[in-house]
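Trainee: Contents of upload.txt (compact mmCIF, N, CA and C atoms):
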```txt
# COMPACT_ATOMS: atom_id res chain seq x y z
N MET A 20 0.81 -1.19 0.00
CA MET A 20 0.00 0.00 0.00
C MET A 20 0.86 1.26 0.00
N LEU A 21 1.97 1.21 0.72
CA LEU A 21 2.86 2.37 0.78
C LEU A 21 3.41 2.71 -0.60
N ASN A 22 3.52 1.70 -1.46
CA ASN A 22 4.05 1.93 -2.81
C ASN A 22 3.13 2.80 -3.68
N LEU A 23 1.88 2.95 -3.28
CA LEU A 23 0.97 3.83 -4.01
C LEU A 23 1.27 5.30 -3.71
N PHE A 24 1.79 5.57 -2.52
CA PHE A 24 2.06 6.95 -2.11
C PHE A 24 3.50 7.36 -2.36
N ILE A 25 4.41 6.42 -2.16
CA ILE A 25 5.83 6.69 -2.37
C ILE A 25 6.29 5.79 -3.50
N THR A 26 6.47 6.38 -4.67
CA THR A 26 6.73 5.57 -5.87
C THR A 26 8.16 5.07 -5.98
N SER A 27 9.12 5.74 -5.35
CA SER A 27 10.51 5.30 -5.42
C SER A 27 10.73 4.14 -4.44
N LYS A 28 11.14 3.00 -4.98
CA LYS A 28 11.37 1.82 -4.15
C LYS A 28 12.47 2.08 -3.13
N THR A 29 13.53 2.75 -3.55
CA THR A 29 14.65 3.04 -2.66
C THR A 29 14.20 3.98 -1.54
N ARG A 30 13.47 5.03 -1.90
CA ARG A 30 12.98 5.99 -0.89
C ARG A 30 12.05 5.29 0.10
N ARG A 31 11.21 4.41 -0.41
CA ARG A 31 10.29 3.66 0.45
C ARG A 31 11.06 2.83 1.47
N LYS A 32 12.12 2.17 1.02
CA LYS A 32 12.93 1.35 1.93
C LYS A 32 13.63 2.21 2.98
N ILE A 33 14.13 3.37 2.57
CA ILE A 33 14.81 4.26 3.50
C ILE A 33 13.83 4.76 4.56
N ILE A 34 12.67 5.20 4.12
CA ILE A 34 11.67 5.70 5.07
C ILE A 34 11.21 4.59 6.00
N THR A 35 11.10 3.39 5.50
CA THR A 35 10.71 2.25 6.34
C THR A 35 11.76 2.00 7.41
N ILE A 36 13.04 2.00 7.04
CA ILE A 36 14.12 1.78 8.02
C ILE A 36 14.08 2.84 9.11
N TYR A 37 13.99 4.11 8.70
CA TYR A 37 14.01 5.19 9.69
C TYR A 37 12.70 5.29 10.48
N SER A 38 11.62 4.76 9.98
CA SER A 38 10.38 4.72 10.75
C SER A 38 10.45 3.63 11.82
N LYS A 39 11.03 2.51 11.46
CA LYS A 39 11.18 1.41 12.43
C LYS A 39 12.27 1.69 13.45
N TYR A 40 13.34 2.32 13.02
CA TYR A 40 14.50 2.57 13.89
C TYR A 40 14.88 4.05 13.82
N PRO A 41 14.11 4.93 14.45
CA PRO A 41 14.34 6.38 14.31
C PRO A 41 15.68 6.88 14.85
N ASP A 42 16.32 6.13 15.72
CA ASP A 42 17.62 6.55 16.27
C ASP A 42 18.80 5.98 15.49
N TYR A 43 18.53 5.27 14.43
CA TYR A 43 19.56 4.62 13.61
C TYR A 43 20.40 5.66 12.89
N ARG A 44 21.72 5.61 13.07
CA ARG A 44 22.66 6.50 12.37
C ARG A 44 23.53 5.63 11.49
N VAL A 45 23.60 5.99 10.21
CA VAL A 45 24.31 5.13 9.26
C VAL A 45 24.84 5.96 8.10
N HIS A 46 25.89 5.45 7.48
CA HIS A 46 26.45 6.10 6.29
C HIS A 46 25.83 5.47 5.04
N VAL A 47 26.06 6.08 3.91
CA VAL A 47 25.43 5.66 2.65
C VAL A 47 25.65 4.18 2.35
N ARG A 48 26.89 3.75 2.35
CA ARG A 48 27.18 2.35 1.99
C ARG A 48 26.58 1.36 2.98
N GLY A 49 26.59 1.72 4.26
CA GLY A 49 25.99 0.85 5.28
C GLY A 49 24.50 0.68 5.05
N LEU A 50 23.83 1.79 4.76
CA LEU A 50 22.39 1.74 4.50
C LEU A 50 22.10 0.98 3.20
N ALA A 51 22.92 1.22 2.19
CA ALA A 51 22.74 0.52 0.91
C ALA A 51 22.84 -0.99 1.10
N LYS A 52 23.75 -1.40 1.94
CA LYS A 52 23.92 -2.83 2.22
C LYS A 52 22.69 -3.39 2.95
N VAL A 53 22.18 -2.65 3.92
CA VAL A 53 21.02 -3.09 4.70
C VAL A 53 19.78 -3.24 3.81
N ILE A 54 19.55 -2.25 2.94
CA ILE A 54 18.33 -2.28 2.13
C ILE A 54 18.54 -2.93 0.76
N LYS A 55 19.77 -3.38 0.51
CA LYS A 55 20.12 -4.08 -0.73
C LYS A 55 19.80 -3.25 -1.98
N GLU A 56 20.31 -2.02 -1.98
CA GLU A 56 20.15 -1.12 -3.11
C GLU A 56 21.50 -0.54 -3.50
N ASP A 57 21.60 -0.01 -4.69
CA ASP A 57 22.81 0.61 -5.19
C ASP A 57 23.15 1.86 -4.37
N PRO A 58 24.41 2.00 -3.90
CA PRO A 58 24.79 3.16 -3.09
C PRO A 58 24.53 4.51 -3.78
N GLY A 59 24.65 4.57 -5.09
CA GLY A 59 24.37 5.81 -5.82
C GLY A 59 22.91 6.22 -5.68
N ASN A 60 22.00 5.26 -5.83
CA ASN A 60 20.57 5.54 -5.67
C ASN A 60 20.25 5.93 -4.24
N VAL A 61 20.88 5.24 -3.29
CA VAL A 61 20.66 5.53 -1.88
C VAL A 61 21.12 6.95 -1.56
N GLN A 62 22.30 7.31 -2.04
CA GLN A 62 22.82 8.65 -1.78
C GLN A 62 21.90 9.73 -2.36
N ARG A 63 21.39 9.51 -3.54
CA ARG A 63 20.49 10.47 -4.18
C ARG A 63 19.21 10.65 -3.35
N GLU A 64 18.66 9.54 -2.88
CA GLU A 64 17.43 9.61 -2.08
C GLU A 64 17.69 10.22 -0.70
N LEU A 65 18.84 9.91 -0.11
CA LEU A 65 19.19 10.51 1.18
C LEU A 65 19.30 12.03 1.05
N ALA A 66 19.91 12.48 -0.03
CA ALA A 66 20.04 13.93 -0.28
C ALA A 66 18.67 14.58 -0.43
N ARG A 67 17.78 13.93 -1.14
CA ARG A 67 16.42 14.48 -1.30
C ARG A 67 15.69 14.55 0.03
N LEU A 68 15.79 13.47 0.81
CA LEU A 68 15.10 13.43 2.10
C LEU A 68 15.71 14.42 3.10
N GLU A 69 17.01 14.63 3.00
CA GLU A 69 17.66 15.63 3.85
C GLU A 69 17.23 17.04 3.44
N LYS A 70 17.11 17.27 2.16
CA LYS A 70 16.74 18.60 1.64
C LYS A 70 15.35 19.02 2.14
N ILE A 71 14.42 18.08 2.23
CA ILE A 71 13.08 18.44 2.71
C ILE A 71 12.98 18.43 4.24
N GLY A 72 14.04 17.96 4.92
CA GLY A 72 14.06 17.99 6.37
C GLY A 72 13.72 16.69 7.07
N TYR A 73 13.44 15.63 6.30
CA TYR A 73 13.12 14.33 6.91
C TYR A 73 14.32 13.71 7.60
N LEU A 74 15.51 13.97 7.04
CA LEU A 74 16.75 13.43 7.60
C LEU A 74 17.68 14.56 8.02
N LYS A 75 18.57 14.24 8.95
CA LYS A 75 19.66 15.12 9.33
C LYS A 75 20.95 14.38 9.03
N SER A 76 22.05 15.13 8.94
CA SER A 76 23.34 14.48 8.70
C SER A 76 24.44 15.25 9.38
N ALA A 77 25.56 14.57 9.55
CA ALA A 77 26.76 15.20 10.11
C ALA A 77 27.96 14.41 9.66
N LYS A 78 29.08 15.10 9.51
CA LYS A 78 30.33 14.43 9.16
C LYS A 78 30.97 13.87 10.42
N GLN A 79 31.41 12.64 10.34
CA GLN A 79 32.16 12.01 11.42
C GLN A 79 33.42 11.43 10.77
N ASN A 80 34.54 12.04 11.06
CA ASN A 80 35.79 11.74 10.37
C ASN A 80 35.59 12.02 8.87
N ASN A 81 35.76 11.03 8.03
CA ASN A 81 35.55 11.22 6.58
C ASN A 81 34.23 10.65 6.11
N THR A 82 33.33 10.38 7.03
CA THR A 82 32.07 9.73 6.70
C THR A 82 30.90 10.63 7.07
N LYS A 83 29.91 10.69 6.20
CA LYS A 83 28.69 11.45 6.48
C LYS A 83 27.64 10.48 6.99
N LEU A 84 27.16 10.72 8.21
CA LEU A 84 26.13 9.88 8.81
C LEU A 84 24.77 10.54 8.67
N TYR A 85 23.75 9.72 8.48
CA TYR A 85 22.38 10.20 8.34
C TYR A 85 21.52 9.59 9.44
N TRP A 86 20.52 10.35 9.90
CA TRP A 86 19.55 9.85 10.87
C TRP A 86 18.25 10.60 10.68
N ALA A 87 17.19 10.04 11.25
CA ALA A 87 15.86 10.64 11.10
C ALA A 87 15.74 11.92 11.92
N ASN A 88 15.10 12.91 11.34
CA ASN A 88 14.77 14.14 12.04
C ASN A 88 13.39 13.93 12.66
N GLN A 89 13.37 13.52 13.93
CA GLN A 89 12.11 13.18 14.58
C GLN A 89 11.23 14.39 14.85
N SER A 90 11.78 15.59 14.64
CA SER A 90 10.96 16.79 14.78
C SER A 90 10.43 17.28 13.42
N PHE A 91 10.65 16.50 12.37
CA PHE A 91 10.10 16.80 11.04
C PHE A 91 8.58 16.88 11.16
N VAL A 92 7.98 17.82 10.48
CA VAL A 92 6.56 18.14 10.63
C VAL A 92 5.65 16.92 10.62
N VAL A 93 5.86 16.00 9.69
CA VAL A 93 4.97 14.84 9.58
C VAL A 93 5.68 13.52 9.91
N PHE A 94 6.77 13.60 10.68
CA PHE A 94 7.51 12.37 10.98
C PHE A 94 6.64 11.33 11.67
N LYS A 95 5.95 11.73 12.74
CA LYS A 95 5.14 10.77 13.51
C LYS A 95 4.01 10.18 12.66
N GLU A 96 3.38 11.00 11.84
CA GLU A 96 2.30 10.51 10.99
C GLU A 96 2.82 9.52 9.95
N LEU A 97 3.92 9.87 9.33
CA LEU A 97 4.53 8.98 8.33
C LEU A 97 4.99 7.68 8.99
N GLN A 98 5.57 7.79 10.17
CA GLN A 98 6.01 6.60 10.90
C GLN A 98 4.81 5.70 11.20
N SER A 99 3.71 6.30 11.62
CA SER A 99 2.51 5.53 11.92
C SER A 99 2.00 4.79 10.69
N ILE A 100 1.99 5.47 9.55
CA ILE A 100 1.54 4.85 8.30
C ILE A 100 2.44 3.67 7.94
N VAL A 101 3.74 3.88 8.03
CA VAL A 101 4.70 2.81 7.68
C VAL A 101 4.51 1.62 8.61
N LEU A 102 4.42 1.86 9.91
CA LEU A 102 4.29 0.76 10.86
C LEU A 102 2.97 0.01 10.68
N LYS A 103 1.90 0.73 10.39
CA LYS A 103 0.62 0.07 10.13
C LYS A 103 0.70 -0.78 8.86
N THR A 104 1.34 -0.26 7.85
CA THR A 104 1.51 -0.98 6.59
C THR A 104 2.35 -2.24 6.80
N GLN A 105 3.41 -2.13 7.59
CA GLN A 105 4.28 -3.26 7.85
C GLN A 105 3.53 -4.36 8.63
N ARG A 106 2.73 -3.98 9.59
CA ARG A 106 1.96 -4.97 10.35
C ARG A 106 0.98 -5.68 9.45
N ARG A 107 0.38 -4.94 8.55
CA ARG A 107 -0.60 -5.51 7.64
C ARG A 107 0.03 -6.54 6.70
N VAL A 108 1.24 -6.24 6.24
CA VAL A 108 1.96 -7.15 5.35
C VAL A 108 2.38 -8.40 6.10
N ALA A 109 2.77 -8.24 7.38
CA ALA A 109 3.26 -9.37 8.16
C ALA A 109 2.16 -10.38 8.47
N LYS A 110 0.92 -9.97 8.48
CA LYS A 110 -0.18 -10.88 8.85
C LYS A 110 -0.48 -11.89 7.79
```
Spell out the structure here as C-alpha cells.

Mentor:
Amino acid sequence: MLNLFITSKTRRKIITIYSKYPDYRVHVRGLAKVIKEDPGNVQRELARLEKIGYLKSAKQNNTKLYWANQSFVVFKELQSIVLKTQRRVAK
C-alpha cells in the first residue's frame, strides 16, 4: 500500500528503516547494504530526504552519517503509516 504513495522503491525502503529505527545512524554504503540497493541511488534519495528535512546528517571523520529528524513536521504521521503498513503485510 505504501508503494501507491511513495513511488521510489529506494525511498520507500529508507523511510521504512528510519520509521522502524528512528535513532539509527548510518552512512550511505551501510544503509545501501542493509536495504540491498545501489549506493548511488541511496545517496540520491538521502540527499532528497535531507533537503526536505526528513533526515539530518553530520560528518564524522571522513564519513557522512544520516539519521531521522524526529521533529520533522509529519515524521510521527509517516512513521505511523509505515508501521501500520508493515503490520498488515506481516499478517

Trainee: Hey, can you check how far atom C of Ile34 of chain A sits from atom CA of Gln98 of chain A?

Mentor: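 For atom C of Ile34 of chain A relative to atom CA of Gln98 of chain A, the distance reads 7.4 Å.
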
Trainee: Between atom CA of Leu65 of chain A and atom N of Phe91 of chain A, what distance in Å does the model show, to one decimal?

Mentor: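 Separation of atom CA of Leu65 of chain A and atom N of Phe91 of chain A: 15.3 Å.
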
Trainee: Quote the spacing between atom N of Leu23 of chain A and atom CA of Val101 of chain A in Å to one decimal place.

Mentor: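 Distance reported for this atom pair: 11.3 Å.
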
Trainee: Name the residues of segment 60-89 of chain A that come out as strand (DSSP E) in a backbone DSSP run; write them as a PyMOL selection string.

Mentor: chain A and resi 74-79+82-87

Trainee: Select, counting only C-alpha atoms, all protein, DNA and RNA residues no farther than 9 Å from (17.0, 8.8, 12.6) in file coordinates, and express the selection as number ranges by chain.

Mentor: A: 36-38, 40-45, 73-75, 85-89

Trainee: Take every atom of segment 58-67 of chain A listed in the file, fit an axis-aligned box around them, add 4 Å per side, and give the centre and edge lengths in Å to one decimal as AutoDock Vina command-line options.

Mentor:
```
--center_x 20.2 --center_y 8.3 --center_z -2.3 --size_x 17.1 --size_y 20.6 --size_z 15.0
```

Trainee: Between A:Asp57, A:Glu64, A:Lys52, A:Ile71, which one has atoms that come closest to Arg30 of chain A, using only N, CA and C atoms?

Mentor: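 Closest to Arg30 of chain A, using only N, CA and C atoms: A:Glu64.
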
Trainee: Between A:Ala66, A:Val93, A:Leu102, A:Ile54, which has the minimum distance to Lys32 of chain A (counting all atoms listed in the file)?

Mentor: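 Smallest distance to Lys32 of chain A is found for A:Ile54.
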
Trainee: I need the residue nearest His46 of chain A from this list: A:Ile25, A:Lys78, A:Lys83, A:Arg63. Use only N, CA and C atoms for the distance.

Mentor: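 The answer is A:Lys83, which sits nearest to His46 of chain A.
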
Trainee: Run DSSP on the backbone and tell me which residues of chain A come out as alpha helix (DSSP H); list them as a PyMOL selection string.

Mentor: chain A and resi 21-24+28-39+47-54+58-71+94-109

Trainee: Point out the residue among A:Gln105, A:Thr29, A:Ser76, A:Asn81 with the least atom-to-atom distance to Glu56 of chain A, counting only N, CA and C atoms.

Mentor: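 Under the stated criterion, the closest residue is A:Thr29.
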